[in-house]
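Peer 1: query23.txt is the file, holding compact mmCIF, C-alpha atoms:
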# COMPACT_ATOMS: atom_id res chain seq x y z
CA MET A 1 26.35 0.32 9.86
CA MET A 2 25.57 1.13 6.27
CA VAL A 3 21.96 1.05 5.16
CA GLY A 4 21.43 -2.10 3.13
CA VAL A 5 18.62 -4.26 1.91
CA GLN A 6 17.85 -5.51 5.43
CA HIS A 7 16.96 -2.04 6.65
CA TYR A 8 14.35 -1.74 3.95
CA LEU A 9 13.13 -5.27 4.69
CA PHE A 10 12.64 -4.23 8.32
CA VAL A 11 10.57 -1.19 7.37
CA SER A 12 8.44 -3.25 5.04
CA ALA A 13 7.99 -6.05 7.60
CA VAL A 14 6.69 -3.51 10.13
CA LEU A 15 4.39 -1.97 7.50
CA ALA A 16 3.03 -5.36 6.49
CA SER A 17 2.33 -6.52 10.03
CA LEU A 18 0.63 -3.19 10.86
CA GLY A 19 -1.52 -3.73 7.78
CA VAL A 20 -2.43 -7.22 8.95
CA ILE A 21 -3.38 -5.86 12.38
CA ALA A 22 -5.60 -3.25 10.73
CA MET A 23 -7.27 -5.86 8.54
CA VAL A 24 -8.00 -8.17 11.46
CA SER A 25 -9.02 -5.69 14.15
CA ARG A 26 -10.94 -2.94 12.35
CA ARG A 27 -14.66 -3.20 11.84
CA ASN A 28 -15.00 -0.31 9.42
CA ALA A 29 -14.58 -1.42 5.80
CA VAL A 30 -12.65 1.72 4.85
CA SER A 31 -10.12 1.02 7.60
CA ILE A 32 -9.68 -2.52 6.30
CA LEU A 33 -8.97 -0.97 2.90
CA MET A 34 -6.29 1.24 4.51
CA GLY A 35 -4.68 -1.88 5.98
CA ILE A 36 -4.60 -3.46 2.53
CA GLU A 37 -2.92 -0.34 1.15
CA LEU A 38 -0.23 -0.62 3.84
CA ILE A 39 0.44 -4.24 2.90
CA LEU A 40 0.64 -3.42 -0.83
CA ASN A 41 3.09 -0.61 -0.07
CA ALA A 42 5.23 -2.96 1.97
CA ALA A 43 5.33 -5.47 -0.88
CA ALA A 44 6.26 -2.83 -3.44
CA LEU A 45 8.99 -1.49 -1.15
CA ASN A 46 10.44 -5.01 -0.94
CA PHE A 47 10.49 -5.36 -4.72
CA VAL A 48 12.25 -2.04 -5.23
CA ALA A 49 14.79 -2.69 -2.45
CA PHE A 50 15.66 -6.11 -3.84
CA GLY A 51 15.91 -4.61 -7.30
CA ARG A 52 18.41 -2.04 -6.11
CA TYR A 53 20.58 -4.20 -3.86
CA GLY A 54 20.22 -7.63 -5.46
CA PRO A 55 22.33 -9.15 -8.21
CA GLU A 56 21.51 -8.57 -11.84
CA THR A 57 21.40 -11.21 -14.58
CA ALA A 58 20.66 -10.94 -18.27
CA ALA A 59 17.19 -12.43 -17.72
CA THR A 60 16.30 -10.13 -14.84
CA PRO A 61 17.57 -6.58 -15.19
CA TRP A 62 17.60 -4.68 -11.92
CA LEU A 63 14.82 -2.37 -13.09
CA SER A 64 12.41 -5.33 -12.94
CA GLY A 65 11.89 -4.54 -9.27
CA GLN A 66 10.63 -1.09 -10.14
CA ILE A 67 8.41 -2.55 -12.88
CA PHE A 68 6.77 -4.71 -10.24
CA GLY A 69 6.35 -1.62 -8.08
CA ILE A 70 4.54 0.13 -10.92
CA PHE A 71 2.25 -2.85 -11.46
CA ILE A 72 1.46 -2.97 -7.74
CA ILE A 73 0.54 0.73 -7.73
CA VAL A 74 -1.76 0.25 -10.74
CA LEU A 75 -3.44 -2.77 -9.18
CA ALA A 76 -3.85 -0.91 -5.89
CA ALA A 77 -5.56 1.96 -7.69
CA ALA A 78 -7.95 -0.45 -9.42
CA GLU A 79 -8.62 -2.27 -6.16
CA ALA A 80 -9.31 0.94 -4.24
CA ALA A 81 -11.75 2.18 -6.89
CA ILE A 82 -13.71 -1.08 -6.90
CA ALA A 83 -13.67 -1.41 -3.12
CA LEU A 84 -14.97 2.12 -2.54
CA ALA A 85 -17.71 1.70 -5.14
CA ILE A 86 -18.84 -1.45 -3.34
CA ILE A 87 -18.55 0.23 0.09
CA ILE A 88 -20.67 3.19 -0.98
CA ALA A 89 -23.25 0.90 -2.60
CA ILE A 90 -23.45 -1.11 0.62
CA TYR A 91 -23.75 2.08 2.66
CA HIS A 92 -26.70 3.23 0.57
CA ALA A 93 -28.39 -0.14 0.99
CA ARG A 94 -27.62 -0.72 4.67
CA ALA A 95 -26.54 2.61 6.22
CA SER A 96 -23.61 0.75 7.78
CA ILE A 97 -20.26 -0.48 6.56
CA ASN A 98 -19.19 -2.41 9.63
CA ALA A 99 -17.67 -5.64 8.42
CA ASP A 100 -19.20 -7.75 11.20
CA GLU A 101 -22.73 -6.68 10.33
CA LEU A 102 -22.50 -7.65 6.68
CA GLN A 103 -23.31 -11.31 6.77
CA GLU A 104 -25.70 -11.91 3.90
CA LEU A 105 -25.39 -11.44 0.17
CA ARG A 106 -28.98 -10.52 -0.61
CA GLN A 107 -30.47 -7.08 -0.27
CA MET B 1 27.05 8.18 9.13
CA GLN B 2 26.57 9.21 5.53
CA PRO B 3 23.85 11.73 4.69
CA ALA B 4 21.93 9.13 2.68
CA ASP B 5 21.87 6.81 5.69
CA PHE B 6 20.67 9.62 7.93
CA PHE B 7 17.84 10.37 5.52
CA PHE B 8 16.91 6.70 5.47
CA TYR B 9 16.23 6.77 9.20
CA VAL B 10 14.27 10.03 8.89
CA PHE B 11 12.11 8.63 6.10
CA ALA B 12 11.66 5.29 7.85
CA ALA B 13 10.35 7.14 10.91
CA LEU B 14 8.15 9.27 8.64
CA THR B 15 6.73 6.02 7.23
CA LEU B 16 6.29 3.93 10.35
CA ILE B 17 5.09 6.35 13.05
CA PRO B 18 2.04 7.56 11.06
CA ALA B 19 1.40 3.93 10.06
CA ILE B 20 0.89 3.15 13.75
CA VAL B 21 -1.65 5.99 13.90
CA VAL B 22 -3.37 4.57 10.80
CA VAL B 23 -3.85 1.26 12.55
CA PHE B 24 -4.70 2.34 16.08
CA SER B 25 -6.39 5.76 15.80
CA ARG B 26 -10.00 5.84 16.92
CA ASN B 27 -10.88 8.66 14.57
CA LEU B 28 -11.08 7.44 11.00
CA LEU B 29 -10.32 10.86 9.57
CA TYR B 30 -7.04 11.04 11.51
CA ALA B 31 -6.18 7.56 10.24
CA ALA B 32 -6.80 8.64 6.66
CA PHE B 33 -4.66 11.74 7.06
CA SER B 34 -1.86 9.73 8.68
CA LEU B 35 -1.93 7.50 5.63
CA LEU B 36 -0.84 10.61 3.73
CA PHE B 37 2.43 10.73 5.70
CA THR B 38 3.00 7.00 5.40
CA LEU B 39 2.57 7.11 1.63
CA SER B 40 4.86 10.15 1.34
CA GLY B 41 7.44 8.35 3.45
CA VAL B 42 7.34 5.33 1.14
CA ALA B 43 7.70 7.69 -1.85
CA ALA B 44 10.78 9.22 -0.20
CA LEU B 45 12.21 5.75 0.40
CA TYR B 46 11.68 5.00 -3.30
CA ALA B 47 13.60 8.15 -4.17
CA LEU B 48 16.36 7.06 -1.78
CA LEU B 49 16.48 3.71 -3.58
CA GLY B 50 17.08 5.48 -6.88
CA ALA B 51 13.56 4.85 -8.19
CA ASP B 52 12.75 8.40 -9.29
CA PHE B 53 9.88 7.53 -11.62
CA LEU B 54 8.30 5.24 -9.06
CA ALA B 55 8.51 7.92 -6.35
CA ILE B 56 6.66 10.42 -8.55
CA THR B 57 4.12 7.76 -9.53
CA GLN B 58 3.55 6.99 -5.86
CA VAL B 59 2.84 10.66 -5.15
CA LEU B 60 0.56 11.05 -8.18
CA VAL B 61 -1.42 7.83 -7.96
CA TYR B 62 -1.40 7.00 -4.25
CA ILE B 63 -1.55 10.43 -2.65
CA GLY B 64 -3.36 12.18 -5.49
CA GLY B 65 -5.75 9.36 -6.30
CA ILE B 66 -6.18 6.55 -3.82
CA LEU B 67 -5.92 8.69 -0.71
CA ILE B 68 -8.54 11.11 -2.06
CA LEU B 69 -10.80 8.13 -2.80
CA ILE B 70 -10.32 6.84 0.74
CA LEU B 71 -11.07 10.29 2.20
CA PHE B 72 -14.25 10.40 0.13
CA GLY B 73 -15.10 6.95 1.42
CA VAL B 74 -14.59 8.04 5.03
CA MET B 75 -16.59 11.24 4.65
CA PHE B 76 -19.46 9.68 2.71
CA THR B 77 -20.00 6.82 5.09
CA GLN B 78 -19.11 8.18 8.50
CA ARG B 79 -20.35 10.86 10.75
CA VAL B 80 -16.85 12.16 11.29
CA TYR B 81 -17.39 13.82 14.65
CA ASP B 82 -19.60 11.08 15.97
CA VAL B 83 -17.90 9.76 19.06
CA ARG B 84 -19.82 6.52 19.00
CA ALA B 85 -18.32 5.56 15.67
CA GLU B 86 -15.59 3.59 17.29
CA ALA B 87 -13.25 2.37 14.62
CA MET B 88 -11.61 -0.49 16.42
CA SER B 89 -13.54 -2.69 18.68
CA PHE B 90 -13.15 -6.38 18.30
CA ASN B 91 -10.36 -8.93 18.27
CA ARG B 92 -7.85 -6.39 19.49
CA ARG B 93 -5.67 -8.81 21.42
CA ARG B 94 -5.87 -11.52 18.81
CA ALA B 95 -5.05 -8.99 16.09
CA LEU B 96 -1.95 -7.87 17.98
CA LEU B 97 -0.89 -11.50 18.38
CA ILE B 98 -1.34 -12.17 14.66
CA GLY B 99 0.59 -9.01 13.85
CA VAL B 100 3.50 -10.05 16.09
CA VAL B 101 3.56 -13.52 14.51
CA VAL B 102 3.58 -12.04 11.00
CA PHE B 103 6.35 -9.63 11.94
CA THR B 104 8.55 -12.28 13.55
CA THR B 105 8.15 -14.52 10.52
CA LEU B 106 8.95 -11.78 8.02
CA TRP B 107 11.79 -10.19 9.93
CA GLY B 108 13.23 -13.53 11.03
CA THR B 109 13.44 -14.61 7.41
CA ALA B 110 14.79 -11.28 6.22
CA ARG B 111 17.47 -11.24 8.92
CA SER B 112 18.69 -14.82 8.64
CA VAL B 113 18.88 -15.24 4.87
CA PRO B 114 22.21 -14.03 3.39
CA TRP B 115 20.78 -12.02 0.51
CA PRO B 116 23.09 -11.97 -2.52
CA SER B 117 24.46 -8.53 -3.18
CA GLY B 118 24.73 -6.91 -6.56
CA GLY B 119 27.15 -4.22 -5.46
CA GLN B 120 26.54 -0.50 -5.53
CA ARG B 121 24.56 1.02 -8.36
CA ALA B 122 25.03 4.59 -9.42
CA LEU B 123 22.01 6.88 -9.17
CA ALA B 124 20.75 7.56 -12.66
CA PRO B 125 17.41 8.39 -14.27
CA THR B 126 15.35 5.25 -14.71
CA THR B 127 12.54 6.43 -16.97
CA THR B 128 14.14 5.30 -20.24
CA GLY B 129 14.98 1.87 -18.90
CA LEU B 130 11.50 1.41 -17.45
CA GLY B 131 9.87 2.38 -20.74
CA ASP B 132 12.07 -0.02 -22.69
CA LEU B 133 11.30 -2.88 -20.30
CA LEU B 134 7.54 -2.18 -20.29
CA LEU B 135 7.36 -2.31 -24.06
CA SER B 136 9.63 -5.30 -24.55
CA ARG B 137 10.01 -7.82 -21.77
CA PHE B 138 6.91 -6.89 -19.77
CA LEU B 139 4.65 -6.16 -22.74
CA LEU B 140 2.12 -8.88 -21.94
CA PRO B 141 1.51 -7.83 -18.29
CA PHE B 142 1.35 -4.23 -19.49
CA GLU B 143 -1.43 -5.05 -21.96
CA VAL B 144 -3.26 -7.25 -19.47
CA ILE B 145 -3.21 -4.38 -16.96
CA SER B 146 -4.67 -1.98 -19.51
CA VAL B 147 -7.54 -4.41 -20.12
CA LEU B 148 -7.94 -4.76 -16.36
CA LEU B 149 -8.20 -0.99 -15.97
CA LEU B 150 -10.91 -0.88 -18.64
CA VAL B 151 -12.84 -3.62 -16.83
CA VAL B 152 -12.46 -1.73 -13.54
CA LEU B 153 -13.72 1.46 -15.17
CA ILE B 154 -16.87 -0.26 -16.44
CA GLY B 155 -17.34 -2.26 -13.26
CA VAL B 156 -17.16 0.78 -11.00
CA VAL B 157 -19.75 2.59 -13.10
CA LEU B 158 -22.06 -0.45 -12.98
CA VAL B 159 -21.73 -0.91 -9.22
CA GLY B 160 -22.25 2.78 -8.56
CA LYS B 161 -25.13 3.13 -11.00
CA LYS B 162 -27.33 0.36 -9.66
CA GLU B 163 -28.25 2.07 -6.43
CA VAL B 164 -29.11 5.32 -8.20
CA GLU B 165 -31.80 3.57 -10.22
CA GLU B 166 -33.58 2.21 -7.19
What is this file in structure tokens?

Peer 2:
Amino acid sequence: MMVGVQHYLFVSAVLASLGVIAMVSRRNAVSILMGIELILNAAALNFVAFGRYGPETAATPWLSGQIFGIFIIVLAAAEAAIALAIIIAIYHARASINADELQELRQ
Amino acid sequence: MQPADFFFYVFAALTLIPAIVVVFSRNLLYAAFSLLFTLSGVAALYALLGADFLAITQVLVYIGGILILILFGVMFTQRVYDVRAEAMSFNRRRALLIGVVVFTTLWGTARSVPWPSGGQRALAPTTTGLGDLLLSRFLLPFEVISVLLLVVLIGVVLVGKKEVEE
């Protein structure tokens, strides 16, 4: 069986559901961030796979999939920077970054 | 089996097996280091898909940038060798259930839909095409993202600075 778009969709489906499991079950905020990274990678992999194997029209050249991948990587970098700044600020204020202990917005 | 197909299975295993460690490892540092292999596996899959520029970007930005940030986050906020710092403790069964539901939905859709095929594409460098597209058709998102990065830069400095003043 030749490797086609469905193989890549399988890999990305497993990655995305592992990311969801990490987001739901972890208490540590950094682990939740890792789960989000897994999900973003799965989404970008989908875009690139569809770009390579899908049909091409004049309005959507096949490289559009890779463009979306680039945008996802940039957004993930921005998100990780913000999230870690917030996590470290919370750690300095609370000495804990467990998600279930952070229930109020004030200091 | 063609060599490219063989490498697909190798890289898929390189992506998925460490991803399981990322999710289920009790030691956060091991999870962060497993993320390294997962991200490299995705970069290899990009290369297999003919996305050379994207594969290099993944290595530079994800492994060189985001992963380092995450490692800093783990080491700043965690006593790494503290056994009590259990990483995963609540909702384990419910989380597994949700994960299975998400996977069945995604994979059920992906398997049953007859995706239209565009035929085989030759492997060729993509950098020129990507640059042309970014500066013509995707110019507006490109500019919006540069503004977003500026906002993130300022925002991170503000968030990090506040607790120093106290």

Peer 1: For segment 16-23 of chain B, work out the shell of residues within 10 Å, counting all atoms listed in the file and skipping chain neighbours fewer than 4 positions away, then give it as a PDB file with C-alpha atoms, in the coordinates of the input.

Peer 2:
ATOM      1  CA  VAL A  11      10.570  -1.190   7.370  1.00  0.00           C
ATOM      2  CA  SER A  12       8.440  -3.250   5.040  1.00  0.00           C
ATOM      3  CA  VAL A  14       6.690  -3.510  10.130  1.00  0.00           C
ATOM      4  CA  LEU A  15       4.390  -1.970   7.500  1.00  0.00           C
ATOM      5  CA  LEU A  18       0.630  -3.190  10.860  1.00  0.00           C
ATOM      6  CA  GLY A  19      -1.520  -3.730   7.780  1.00  0.00           C
ATOM      7  CA  VAL A  20      -2.430  -7.220   8.950  1.00  0.00           C
ATOM      8  CA  ILE A  21      -3.380  -5.860  12.380  1.00  0.00           C
ATOM      9  CA  ALA A  22      -5.600  -3.250  10.730  1.00  0.00           C
ATOM     10  CA  MET A  23      -7.270  -5.860   8.540  1.00  0.00           C
ATOM     11  CA  SER A  25      -9.020  -5.690  14.150  1.00  0.00           C
ATOM     12  CA  ARG A  26     -10.940  -2.940  12.350  1.00  0.00           C
ATOM     13  CA  SER A  31     -10.120   1.020   7.600  1.00  0.00           C
ATOM     14  CA  ILE A  32      -9.680  -2.520   6.300  1.00  0.00           C
ATOM     15  CA  MET A  34      -6.290   1.240   4.510  1.00  0.00           C
ATOM     16  CA  GLY A  35      -4.680  -1.880   5.980  1.00  0.00           C
ATOM     17  CA  LEU A  38      -0.230  -0.620   3.840  1.00  0.00           C
TER      18      LEU A  38
ATOM     19  CA  PHE B  11      12.110   8.630   6.100  1.00  0.00           C
ATOM     20  CA  ALA B  12      11.660   5.290   7.850  1.00  0.00           C
ATOM     21  CA  ASN B  27     -10.880   8.660  14.570  1.00  0.00           C
ATOM     22  CA  LEU B  28     -11.080   7.440  11.000  1.00  0.00           C
ATOM     23  CA  LEU B  29     -10.320  10.860   9.570  1.00  0.00           C
ATOM     24  CA  TYR B  30      -7.040  11.040  11.510  1.00  0.00           C
ATOM     25  CA  ALA B  31      -6.180   7.560  10.240  1.00  0.00           C
ATOM     26  CA  ALA B  32      -6.800   8.640   6.660  1.00  0.00           C
ATOM     27  CA  PHE B  33      -4.660  11.740   7.060  1.00  0.00           C
ATOM     28  CA  SER B  34      -1.860   9.730   8.680  1.00  0.00           C
ATOM     29  CA  LEU B  35      -1.930   7.500   5.630  1.00  0.00           C
ATOM     30  CA  LEU B  36      -0.840  10.610   3.730  1.00  0.00           C
ATOM     31  CA  PHE B  37       2.430  10.730   5.700  1.00  0.00           C
ATOM     32  CA  THR B  38       3.000   7.000   5.400  1.00  0.00           C
ATOM     33  CA  LEU B  39       2.570   7.110   1.630  1.00  0.00           C
ATOM     34  CA  GLY B  41       7.440   8.350   3.450  1.00  0.00           C
ATOM     35  CA  VAL B  42       7.340   5.330   1.140  1.00  0.00           C
ATOM     36  CA  ALA B  87     -13.250   2.370  14.620  1.00  0.00           C
ATOM     37  CA  MET B  88     -11.610  -0.490  16.420  1.00  0.00           C
TER      38      MET B  88
END

Peer 1: From the options A:Ala16, A:Ile72, A:Ala85, A:Leu63, which residue's atoms come nearest to Gln58 of chain B, counting only C-alpha atoms?

Peer 2: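 Closest to Gln58 of chain B, using only C-alpha atoms: A:Ile72.
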
Peer 1: Give me the residues near segment 60-63 of chain B as a list in words, where near means some atom within 9 Å (using only C-alpha atoms) and where sequence neighbours in that chain fewer than 2 positions away do not count.

Peer 2: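 The residues satisfying every condition are Ile73, Val74, Ala76 and Ala77 of chain A; Leu35, Leu36, Leu39, Ser40, Ala55, Ile56, Thr57, Gln58, Gly65, Ile66, Leu67 and Ile68 of chain B.
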
Peer 1: Could you check which of B:Gly64, B:Gly155, B:Pro3, B:Pro125 is closest to chain A, using all atoms listed in the file?

Peer 2: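 Smallest distance to chain A is found for B:Gly155.
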
Peer 1: Quick one: contact table of chain A to chain B, 7 Å max, nearest atom pair and distance in Å to one decimal per residue, counting all atoms listed in the file, chain and number order, as a Markdown table?

Peer 2:
| residue | atom | partner | partner_atom | distance |
| --- | --- | --- | --- | --- |
| A:Met2 | CA | B:Asp5 | CA | 6.8 |
| A:Val3 | CA | B:Asp5 | CA | 5.8 |
| A:Gln6 | CA | B:Ala110 | CA | 6.6 |
| A:Leu9 | CA | B:Ala110 | CA | 6.4 |
| A:Phe10 | CA | B:Trp107 | CA | 6.2 |
| A:Val11 | CA | B:Ala12 | CA | 6.6 |
| A:Ala13 | CA | B:Leu106 | CA | 5.8 |
| A:Val14 | CA | B:Phe103 | CA | 6.4 |
| A:Leu15 | CA | B:Leu16 | CA | 6.8 |
| A:Ser17 | CA | B:Gly99 | CA | 4.9 |
| A:Leu18 | CA | B:Val23 | CA | 6.5 |
| A:Val20 | CA | B:Gly99 | CA | 6.0 |
| A:Ile21 | CA | B:Ala95 | CA | 5.1 |
| A:Ala22 | CA | B:Val23 | CA | 5.2 |
| A:Val24 | CA | B:Ala95 | CA | 5.6 |
| A:Ser25 | CA | B:Asn91 | CA | 5.4 |
| A:Arg26 | CA | B:Met88 | CA | 4.8 |
| A:Arg27 | CA | B:Met88 | CA | 6.1 |
| A:Asn28 | CA | B:Ala87 | CA | 6.1 |
| A:Val30 | CA | B:Val74 | CA | 6.6 |
| A:Ala49 | CA | B:Leu49 | CA | 6.7 |
| A:Arg52 | CA | B:Leu49 | CA | 6.6 |
| A:Tyr53 | CA | B:Gly118 | CA | 5.6 |
| A:Gly54 | CA | B:Gly118 | CA | 4.7 |
| A:Pro55 | CA | B:Gly118 | CA | 3.7 |
| A:Glu56 | CA | B:Gly118 | CA | 6.4 |
| A:Leu63 | CA | B:Leu130 | CA | 6.7 |
| A:Gln66 | CA | B:Leu54 | CA | 6.8 |
| A:Ile67 | CA | B:Leu130 | CA | 6.8 |
| A:Ile70 | CA | B:Leu54 | CA | 6.6 |
| A:Ala77 | CA | B:Ile66 | CA | 6.0 |
| A:Ala78 | CA | B:Val152 | CA | 6.2 |
| A:Ala80 | CA | B:Ile66 | CA | 6.4 |
| A:Ala81 | CA | B:Val156 | CA | 6.9 |
| A:Ile82 | CA | B:Val156 | CA | 5.7 |
| A:Leu84 | CA | B:Gly73 | CA | 6.2 |
| A:Ala85 | CA | B:Gly160 | CA | 5.8 |
| A:Ile86 | CA | B:Val159 | CA | 6.6 |
| A:Ala89 | CA | B:Gly160 | CA | 6.3 |
| A:Tyr91 | CA | B:Thr77 | CA | 6.5 |

Peer 1: Save out the residues we just selected, C-alpha atoms, as a CSV table (one decimal), in the coordinates of the input.

Peer 2:
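Everything below was put into result-v8.csv:
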chain,number,residue,atom,x,y,z
A,2,MET,CA,25.6,1.1,6.3
A,3,VAL,CA,22.0,1.0,5.2
A,6,GLN,CA,17.8,-5.5,5.4
A,9,LEU,CA,13.1,-5.3,4.7
A,10,PHE,CA,12.6,-4.2,8.3
A,11,VAL,CA,10.6,-1.2,7.4
A,13,ALA,CA,8.0,-6.0,7.6
A,14,VAL,CA,6.7,-3.5,10.1
A,15,LEU,CA,4.4,-2.0,7.5
A,17,SER,CA,2.3,-6.5,10.0
A,18,LEU,CA,0.6,-3.2,10.9
A,20,VAL,CA,-2.4,-7.2,9.0
A,21,ILE,CA,-3.4,-5.9,12.4
A,22,ALA,CA,-5.6,-3.2,10.7
A,24,VAL,CA,-8.0,-8.2,11.5
A,25,SER,CA,-9.0,-5.7,14.2
A,26,ARG,CA,-10.9,-2.9,12.4
A,27,ARG,CA,-14.7,-3.2,11.8
A,28,ASN,CA,-15.0,-0.3,9.4
A,30,VAL,CA,-12.6,1.7,4.8
A,49,ALA,CA,14.8,-2.7,-2.4
A,52,ARG,CA,18.4,-2.0,-6.1
A,53,TYR,CA,20.6,-4.2,-3.9
A,54,GLY,CA,20.2,-7.6,-5.5
A,55,PRO,CA,22.3,-9.2,-8.2
A,56,GLU,CA,21.5,-8.6,-11.8
A,63,LEU,CA,14.8,-2.4,-13.1
A,66,GLN,CA,10.6,-1.1,-10.1
A,67,ILE,CA,8.4,-2.6,-12.9
A,70,ILE,CA,4.5,0.1,-10.9
A,77,ALA,CA,-5.6,2.0,-7.7
A,78,ALA,CA,-8.0,-0.4,-9.4
A,80,ALA,CA,-9.3,0.9,-4.2
A,81,ALA,CA,-11.8,2.2,-6.9
A,82,ILE,CA,-13.7,-1.1,-6.9
A,84,LEU,CA,-15.0,2.1,-2.5
A,85,ALA,CA,-17.7,1.7,-5.1
A,86,ILE,CA,-18.8,-1.4,-3.3
A,89,ALA,CA,-23.2,0.9,-2.6
A,91,TYR,CA,-23.8,2.1,2.7

Peer 1: Ranking B:Ala47, B:Val10, B:Ile154, B:Leu135 by minimum distance to Val59 of chain B and counting only C-alpha atoms, which one comes first?

Peer 2: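 Of B:Ala47, B:Val10, B:Ile154, B:Leu135, the one nearest Val59 of chain B is B:Ala47, counting only C-alpha atoms.
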
Peer 1: Between atom CA of Val144 of chain B and atom CA of Ala59 of chain A, what distance in Å does the model show, to one decimal?

Peer 2: 21.2 Å

Peer 1: Quick check, in Å to one decimal: how far apart do atom CA of Leu45 of chain A and atom CA of Leu75 of chain A lie?

Peer 2: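 According to the coordinates, atom CA of Leu45 of chain A and atom CA of Leu75 of chain A are separated by 14.9 Å.
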
Peer 1: Can you work out the spacing between atom CA of Phe50 of chain A and atom CA of Val147 of chain B in Å, to one decimal?

Peer 2: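 Spanning atom CA of Phe50 of chain A to atom CA of Val147 of chain B is a straight-line distance of 28.4 Å.
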
Peer 1: Taking all atoms of segment 41-50 of chain A that the file lists, what box with edges along x, y and z, padded by 6 Å per side, do you get, with centre and edge lengths in Å to one decimal, as JSON?

Peer 2:
{"center_x": 9.4, "center_y": -3.4, "center_z": -1.6, "size_x": 24.6, "size_y": 17.5, "size_z": 19.2}

Peer 1: Could you check which of A:Leu40, A:Gly4, A:Leu102, A:Ser96 is closest to Glu79 of chain A, using all atoms listed in the file?

Peer 2: A:Leu40
